[in-house]
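Structure below is coords38.cif: mmCIF, C-alpha atoms and all ligand atoms.
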data_protein
loop_
_atom_site.group_PDB
_atom_site.id
_atom_site.type_symbol
_atom_site.label_atom_id
_atom_site.label_comp_id
_atom_site.auth_asym_id
_atom_site.auth_seq_id
_atom_site.Cartn_x
_atom_site.Cartn_y
_atom_site.Cartn_z
ATOM 1 C CA MET A 1 24.750 12.860 60.432
ATOM 2 C CA PRO A 2 25.046 15.821 58.008
ATOM 3 C CA PHE A 3 26.471 19.102 59.317
ATOM 4 C CA ASP A 4 24.616 22.332 58.680
ATOM 5 C CA ILE A 5 27.905 24.256 58.894
ATOM 6 C CA ASN A 6 29.203 25.819 55.714
ATOM 7 C CA LEU A 7 32.621 27.425 55.668
ATOM 8 C CA PRO A 8 33.775 29.253 52.548
ATOM 9 C CA ALA A 9 36.649 27.787 50.532
ATOM 10 C CA TYR A 10 39.688 30.010 49.994
ATOM 11 C CA GLY A 11 42.720 29.924 47.744
ATOM 12 C CA SER A 12 46.331 30.633 48.555
ATOM 13 C CA VAL A 13 47.662 31.951 51.860
ATOM 14 C CA ILE A 14 49.265 35.343 51.258
ATOM 15 C CA GLY A 15 50.332 36.269 54.787
ATOM 16 C CA ILE A 16 50.139 35.100 58.401
ATOM 17 C CA GLY A 17 50.508 36.920 61.713
ATOM 18 C CA VAL A 18 50.374 36.049 65.399
ATOM 19 C CA ASP A 19 50.380 38.173 68.550
ATOM 20 C CA ILE A 20 50.236 37.624 72.304
ATOM 21 C CA VAL A 21 49.083 40.271 74.790
ATOM 22 C CA ASP A 22 49.089 40.491 78.597
ATOM 23 C CA VAL A 23 45.572 41.212 79.832
ATOM 24 C CA GLY A 24 47.116 43.306 82.647
ATOM 25 C CA ARG A 25 48.839 45.583 80.126
ATOM 26 C CA ILE A 26 45.495 46.383 78.508
ATOM 27 C CA LYS A 27 43.931 46.979 81.910
ATOM 28 C CA ASP A 28 46.771 49.416 82.747
ATOM 29 C CA LEU A 29 46.283 51.301 79.468
ATOM 30 C CA HIS A 30 42.543 51.478 80.132
ATOM 31 C CA ASP A 31 43.040 52.583 83.754
ATOM 32 C CA ARG A 32 45.511 55.283 82.726
ATOM 33 C CA GLN A 33 43.897 56.557 79.518
ATOM 34 C CA GLY A 34 40.233 55.608 80.004
ATOM 35 C CA ALA A 35 37.882 56.210 77.083
ATOM 36 C CA ARG A 36 40.685 57.807 75.060
ATOM 37 C CA PHE A 37 42.389 54.394 74.800
ATOM 38 C CA ILE A 38 39.162 52.553 74.003
ATOM 39 C CA ASP A 39 38.057 55.081 71.371
ATOM 40 C CA ARG A 40 41.469 55.118 69.683
ATOM 41 C CA VAL A 41 41.818 51.342 69.374
ATOM 42 C CA TYR A 42 38.381 49.720 69.176
ATOM 43 C CA THR A 43 35.446 49.896 66.760
ATOM 44 C CA GLU A 44 31.956 50.555 68.120
ATOM 45 C CA THR A 45 31.062 46.854 67.730
ATOM 46 C CA GLU A 46 34.175 45.756 69.649
ATOM 47 C CA LYS A 47 33.566 48.354 72.320
ATOM 48 C CA ALA A 48 29.954 47.309 72.882
ATOM 49 C CA TYR A 49 30.860 43.607 73.028
ATOM 50 C CA CYS A 50 33.918 43.862 75.300
ATOM 51 C CA LEU A 51 32.597 46.470 77.718
ATOM 52 C CA GLY A 52 29.409 44.435 78.117
ATOM 53 C CA MET A 53 31.344 41.346 79.232
ATOM 54 C CA ARG A 54 32.017 40.316 82.841
ATOM 55 C CA PHE A 55 35.796 40.538 82.300
ATOM 56 C CA PRO A 56 36.136 43.237 79.610
ATOM 57 C CA HIS A 57 39.954 43.367 79.599
ATOM 58 C CA THR A 58 40.269 39.739 78.521
ATOM 59 C CA HIS A 59 38.218 40.451 75.400
ATOM 60 C CA LEU A 60 39.850 43.843 74.815
ATOM 61 C CA ALA A 61 43.262 42.107 75.003
ATOM 62 C CA ALA A 62 42.199 39.445 72.487
ATOM 63 C CA ARG A 63 41.076 42.139 70.041
ATOM 64 C CA PHE A 64 44.258 44.133 70.612
ATOM 65 C CA ALA A 65 46.220 40.957 69.768
ATOM 66 C CA ALA A 66 43.967 40.448 66.724
ATOM 67 C CA LYS A 67 44.803 43.896 65.348
ATOM 68 C CA GLU A 68 48.543 43.341 65.827
ATOM 69 C CA ALA A 69 48.338 39.834 64.307
ATOM 70 C CA ILE A 70 46.426 41.149 61.288
ATOM 71 C CA SER A 71 48.922 43.988 60.844
ATOM 72 C CA LYS A 72 51.720 41.392 60.845
ATOM 73 C CA ALA A 73 49.881 39.290 58.262
ATOM 74 C CA PHE A 74 49.813 42.445 56.109
ATOM 75 C CA SER A 75 53.522 43.007 57.035
ATOM 76 C CA THR A 76 52.793 46.705 57.607
ATOM 77 C CA GLY A 77 52.364 46.853 61.376
ATOM 78 C CA ILE A 78 49.986 49.525 62.641
ATOM 79 C CA GLY A 79 50.780 52.988 61.338
ATOM 80 C CA GLU A 80 50.780 54.540 57.904
ATOM 81 C CA HIS A 81 48.857 51.791 56.072
ATOM 82 C CA LEU A 82 46.554 50.513 58.808
ATOM 83 C CA ASN A 83 44.973 52.200 61.836
ATOM 84 C CA TRP A 84 43.829 50.346 64.936
ATOM 85 C CA LYS A 85 40.237 50.836 63.817
ATOM 86 C CA SER A 86 40.963 49.785 60.215
ATOM 87 C CA MET A 87 40.434 46.253 61.561
ATOM 88 C CA GLY A 88 37.370 45.249 63.538
ATOM 89 C CA VAL A 89 36.507 41.860 65.032
ATOM 90 C CA VAL A 90 32.914 40.715 64.596
ATOM 91 C CA LEU A 91 31.408 37.453 65.796
ATOM 92 C CA GLY A 92 29.439 34.998 63.684
ATOM 93 C CA GLU A 93 26.364 33.008 64.651
ATOM 94 C CA ARG A 94 28.381 30.336 66.481
ATOM 95 C CA GLY A 95 30.674 32.873 68.198
ATOM 96 C CA GLN A 96 33.439 32.510 65.597
ATOM 97 C CA PRO A 97 35.427 35.724 64.989
ATOM 98 C CA SER A 98 35.802 37.339 61.599
ATOM 99 C CA VAL A 99 37.412 40.562 60.438
ATOM 100 C CA GLU A 100 35.818 43.682 59.019
ATOM 101 C CA LEU A 101 38.182 46.125 57.333
ATOM 102 C CA ASP A 102 37.580 49.822 56.725
ATOM 103 C CA GLU A 103 38.342 51.506 53.395
ATOM 104 C CA LYS A 104 42.061 51.782 54.176
ATOM 105 C CA GLY A 105 42.263 48.118 55.154
ATOM 106 C CA ASN A 106 40.342 46.983 52.092
ATOM 107 C CA ARG A 107 42.625 49.030 49.859
ATOM 108 C CA LEU A 108 45.657 47.294 51.360
ATOM 109 C CA LEU A 109 43.962 43.881 51.100
ATOM 110 C CA LYS A 110 43.354 44.386 47.372
ATOM 111 C CA ALA A 111 46.835 45.799 46.776
ATOM 112 C CA LEU A 112 48.302 42.569 48.197
ATOM 113 C CA GLY A 113 46.033 40.400 46.030
ATOM 114 C CA ALA A 114 44.179 39.011 49.062
ATOM 115 C CA SER A 115 40.424 38.706 49.434
ATOM 116 C CA SER A 116 39.860 37.933 53.124
ATOM 117 C CA VAL A 117 41.434 37.881 56.557
ATOM 118 C CA LEU A 118 40.894 34.786 58.694
ATOM 119 C CA LEU A 119 41.235 35.092 62.456
ATOM 120 C CA SER A 120 41.344 32.885 65.537
ATOM 121 C CA LEU A 121 41.442 34.146 69.153
ATOM 122 C CA SER A 122 42.150 32.530 72.505
ATOM 123 C CA HIS A 123 42.607 33.785 76.062
ATOM 124 C CA THR A 124 43.226 32.822 79.662
ATOM 125 C CA ASP A 125 42.673 35.163 82.650
ATOM 126 C CA THR A 126 46.096 36.718 82.062
ATOM 127 C CA THR A 127 47.003 36.287 78.388
ATOM 128 C CA ALA A 128 45.326 36.646 74.996
ATOM 129 C CA ILE A 129 46.572 35.410 71.646
ATOM 130 C CA ALA A 130 45.450 35.911 68.054
ATOM 131 C CA PHE A 131 46.375 34.265 64.782
ATOM 132 C CA ALA A 132 45.506 35.854 61.434
ATOM 133 C CA ALA A 133 45.883 34.744 57.826
ATOM 134 C CA LEU A 134 45.448 36.736 54.614
ATOM 135 C CA VAL A 135 43.991 34.561 51.906
ATOM 136 C CA GLY A 136 43.184 34.968 48.243
ATOM 137 C CA ASP A 137 40.277 33.620 46.181
ATOM 138 C CA SER A 138 42.434 31.296 44.120
HETATM 139 C C1 LIG B 1 54.277 44.870 63.859
HETATM 140 C C2 LIG B 1 53.906 45.082 65.311
HETATM 141 C C3 LIG B 1 52.424 44.706 65.488
HETATM 142 C C4 LIG B 1 54.819 44.187 66.179
HETATM 143 O O1 LIG B 1 54.291 44.062 67.450
HETATM 144 P P1 LIG B 1 55.192 44.062 68.782
HETATM 145 O O2 LIG B 1 54.222 43.944 69.918
HETATM 146 O O3 LIG B 1 56.120 45.212 68.743
HETATM 147 O O4 LIG B 1 56.103 42.827 68.691
HETATM 148 P P2 LIG B 1 55.828 41.267 69.037
HETATM 149 O O5 LIG B 1 56.638 40.922 70.193
HETATM 150 O O6 LIG B 1 54.373 40.936 69.070
HETATM 151 O O7 LIG B 1 56.407 40.579 67.755
HETATM 152 C C5 LIG B 1 57.729 40.697 67.434
HETATM 153 C C6 LIG B 1 57.951 39.975 66.123
HETATM 154 O O8 LIG B 1 57.104 40.512 65.131
HETATM 155 C C7 LIG B 1 57.711 40.285 63.875
HETATM 156 N N1 LIG B 1 57.539 41.495 63.083
HETATM 157 C C8 LIG B 1 58.159 42.697 63.248
HETATM 158 N N2 LIG B 1 57.772 43.554 62.299
HETATM 159 C C9 LIG B 1 56.872 42.881 61.538
HETATM 160 C C10 LIG B 1 56.145 43.225 60.388
HETATM 161 N N3 LIG B 1 56.202 44.430 59.830
HETATM 162 N N4 LIG B 1 55.337 42.303 59.850
HETATM 163 C C11 LIG B 1 55.248 41.070 60.376
HETATM 164 N N5 LIG B 1 55.917 40.685 61.473
HETATM 165 C C12 LIG B 1 56.728 41.586 62.037
HETATM 166 C C13 LIG B 1 59.159 39.961 64.120
HETATM 167 O O9 LIG B 1 59.373 38.605 63.802
HETATM 168 C C14 LIG B 1 59.320 40.180 65.602
HETATM 169 O O10 LIG B 1 60.174 39.260 66.217
HETATM 170 P P3 LIG B 1 61.784 39.547 66.257
HETATM 171 O O11 LIG B 1 61.942 40.935 66.829
HETATM 172 O O12 LIG B 1 62.293 38.471 67.148
HETATM 173 O O13 LIG B 1 62.225 39.434 64.844
HETATM 174 C C15 LIG B 1 54.179 46.530 65.789
HETATM 175 O O14 LIG B 1 55.351 46.999 65.222
HETATM 176 C C16 LIG B 1 53.086 47.528 65.612
HETATM 177 O O15 LIG B 1 52.815 48.085 64.568
HETATM 178 N N6 LIG B 1 52.474 47.796 66.789
HETATM 179 C C17 LIG B 1 51.623 48.875 67.039
HETATM 180 C C18 LIG B 1 52.372 49.661 68.076
HETATM 181 C C19 LIG B 1 51.639 50.713 68.790
HETATM 182 O O16 LIG B 1 51.171 51.660 68.215
HETATM 183 N N7 LIG B 1 51.539 50.535 70.131
HETATM 184 C C20 LIG B 1 50.954 51.483 70.983
HETATM 185 C C21 LIG B 1 50.164 50.808 72.085
HETATM 186 S S1 LIG B 1 48.620 51.649 72.377
#

Rendering of file as structure tokens:
Amino acid sequence: MPFDINLPAYGSVIGIGVDIVDVGRIKDLHDRQGARFIDRVYTETEKAYCLGMRFPHTHLAARFAAKEAISKAFSTGIGEHLNWKSMGVVLGERGQPSVELDEKGNRLLKALGASSVLLSLSHTDTTAIAFAALVGDS
């Protein structure tokens, strides 16, 4: 039976990153800092998605891990070259995550000769993990 799923083809892998986050740590940050934490770290799309979920901290933790994993794939960490909100997780039609970069992130992507960031997320009640890869067109 033919699949109606089309995934784009990419070229070389330029960088990879992984990160693991305790859901409880994110809950503590949220409890202590409230909206200040959420507004500093998450894009509007991430905020709306996570805060609308039954267990928001699981999804917030996965996106926190995503940002750290992406920053490792870039080898910059989060700081001068990338802000927390330079990287946003958006979901595709089947629930698959993809990454939207802001101007700063796109500048860094181009400077490294990459064209896209691929992302995979997973979580349990207590732990979230993200894996990111920077890939080029050829
Ligand atoms: C790069 C960064 C994401 C690492 O995250 P971390 O949570 O400190 O560390 P982790 O335990 O997930 O990962 C550690 C591993 O990352 C790797 N690593 C360190 N710097 C890295 C870099 N620049 N690029 C890629 N990987 C890196 C190392 O292999 C390290 O393992 P090692 O110490 O055994 O060599 C981190 O330095 C960063 O920028 N974090 C943002 C910090 C921040 O602002 N926190 C505030 C909380 S609101």

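The shortest atom-to-atom distance to ligand LIG 1 (chain B), with all atoms listed in the file taken into account, belongs to A:Lys72 out of A:Lys72, A:Lys104, A:Arg40, A:His81.
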
Exercise. Give me the residues within 8 Å of Ala114 (chain A) as a PyMOL selection string, counting all atoms listed in the file and dropping any in the same chain fewer than 2 places off.
Key: chain A and resi 14+109-112+116+134-137

Self-check item: Shortest interatomic distance to Arg107 (chain A) - which of A:Cys50, A:Leu82, A:Ile70, A:Ala65, counting all atoms listed in the file
Solution: A:Leu82

Per-residue nearest contacts chain A to ligand LIG 1 (chain B), cut-off 10 Å, using all atoms listed in the file, as CSV:
residue,atom,partner,partner_atom,distance
A:Gly15,CA,B:LIG1,C11,8.9
A:Ile16,CA,B:LIG1,C11,8.1
A:Gly17,CA,B:LIG1,C11,6.4
A:Val18,CA,B:LIG1,O6,7.3
A:Asp19,CA,B:LIG1,O6,4.9
A:Ile20,CA,B:LIG1,O6,6.2
A:Val21,CA,B:LIG1,O6,7.8
A:Arg25,CA,B:LIG1,C21,9.7
A:Ile26,CA,B:LIG1,S1,8.7
A:Leu29,CA,B:LIG1,S1,7.5
A:His30,CA,B:LIG1,S1,9.9
A:Gln33,CA,B:LIG1,S1,9.9
A:Phe37,CA,B:LIG1,S1,7.2
A:Ile38,CA,B:LIG1,S1,9.6
A:Arg40,CA,B:LIG1,S1,8.4
A:Val41,CA,B:LIG1,S1,7.4
A:Phe64,CA,B:LIG1,S1,8.9
A:Ala65,CA,B:LIG1,O6,8.2
A:Ala66,CA,B:LIG1,C3,9.5
A:Lys67,CA,B:LIG1,C3,7.7
A:Glu68,CA,B:LIG1,C3,4.1
A:Ala69,CA,B:LIG1,C3,6.5
A:Ile70,CA,B:LIG1,C3,8.1
A:Ser71,CA,B:LIG1,C3,5.9
A:Lys72,CA,B:LIG1,C11,3.6
A:Ala73,CA,B:LIG1,C11,6.0
A:Phe74,CA,B:LIG1,N4,6.7
A:Ser75,CA,B:LIG1,N4,3.4
A:Thr76,CA,B:LIG1,N3,4.7
A:Gly77,CA,B:LIG1,O15,3.5
A:Ile78,CA,B:LIG1,O15,3.7
A:Gly79,CA,B:LIG1,O15,6.2
A:Glu80,CA,B:LIG1,O15,9.5
A:Leu82,CA,B:LIG1,O15,8.8
A:Asn83,CA,B:LIG1,O16,8.9
A:Trp84,CA,B:LIG1,O16,8.1
A:Ile129,CA,B:LIG1,O6,9.9

Self-check item: d(CA of Ile5 (chain A), CA of Val90 (chain A)) in Å
Solution: 18.1 Å

Quiz item: What is the distance between CA of Leu118 (chain A) and CA of Arg36 (chain A), in Å to one decimal?
Solution: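 Calculated distance between CA of Leu118 (chain A) and CA of Arg36 (chain A) is 28.2 Å.
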
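Between Ala130 (chain A) and the residues A:Ser98, A:Asn6, A:Ser12, A:Ser115, the shortest atom-to-atom distance, using all atoms listed in the file, involves A:Ser98.
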
Produce the centre coordinates and the three edge lengths, each in Å to one decimal, of the box along x, y and z that contains all listed atoms of region 113-128 of chain A with 4 Å added on each side, as JSON.
{"center_x": 43.4, "center_y": 36.5, "center_z": 64.3, "size_x": 15.1, "size_y": 15.9, "size_z": 44.6}

Quiz item: Smallest atom-to-atom distance to Thr58 (chain A): which of A:Thr45, A:Ser138, A:Thr127, A:Asn106, using only C-alpha atoms?
Solution: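 Of A:Thr45, A:Ser138, A:Thr127, A:Asn106, the one nearest Thr58 (chain A) is A:Thr127, counting only C-alpha atoms.
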
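Matched in the shown structure by the PyMOL selection byres (((chain A and resi 120) around 7) and not hetatm): A:Pro97, A:Leu119, A:Leu121, A:Ala130, A:Phe131, A:Ala132.
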
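Interatomic distance, CA of Lys85 (chain A) against CA of Leu60 (chain A): 13.0 Å.
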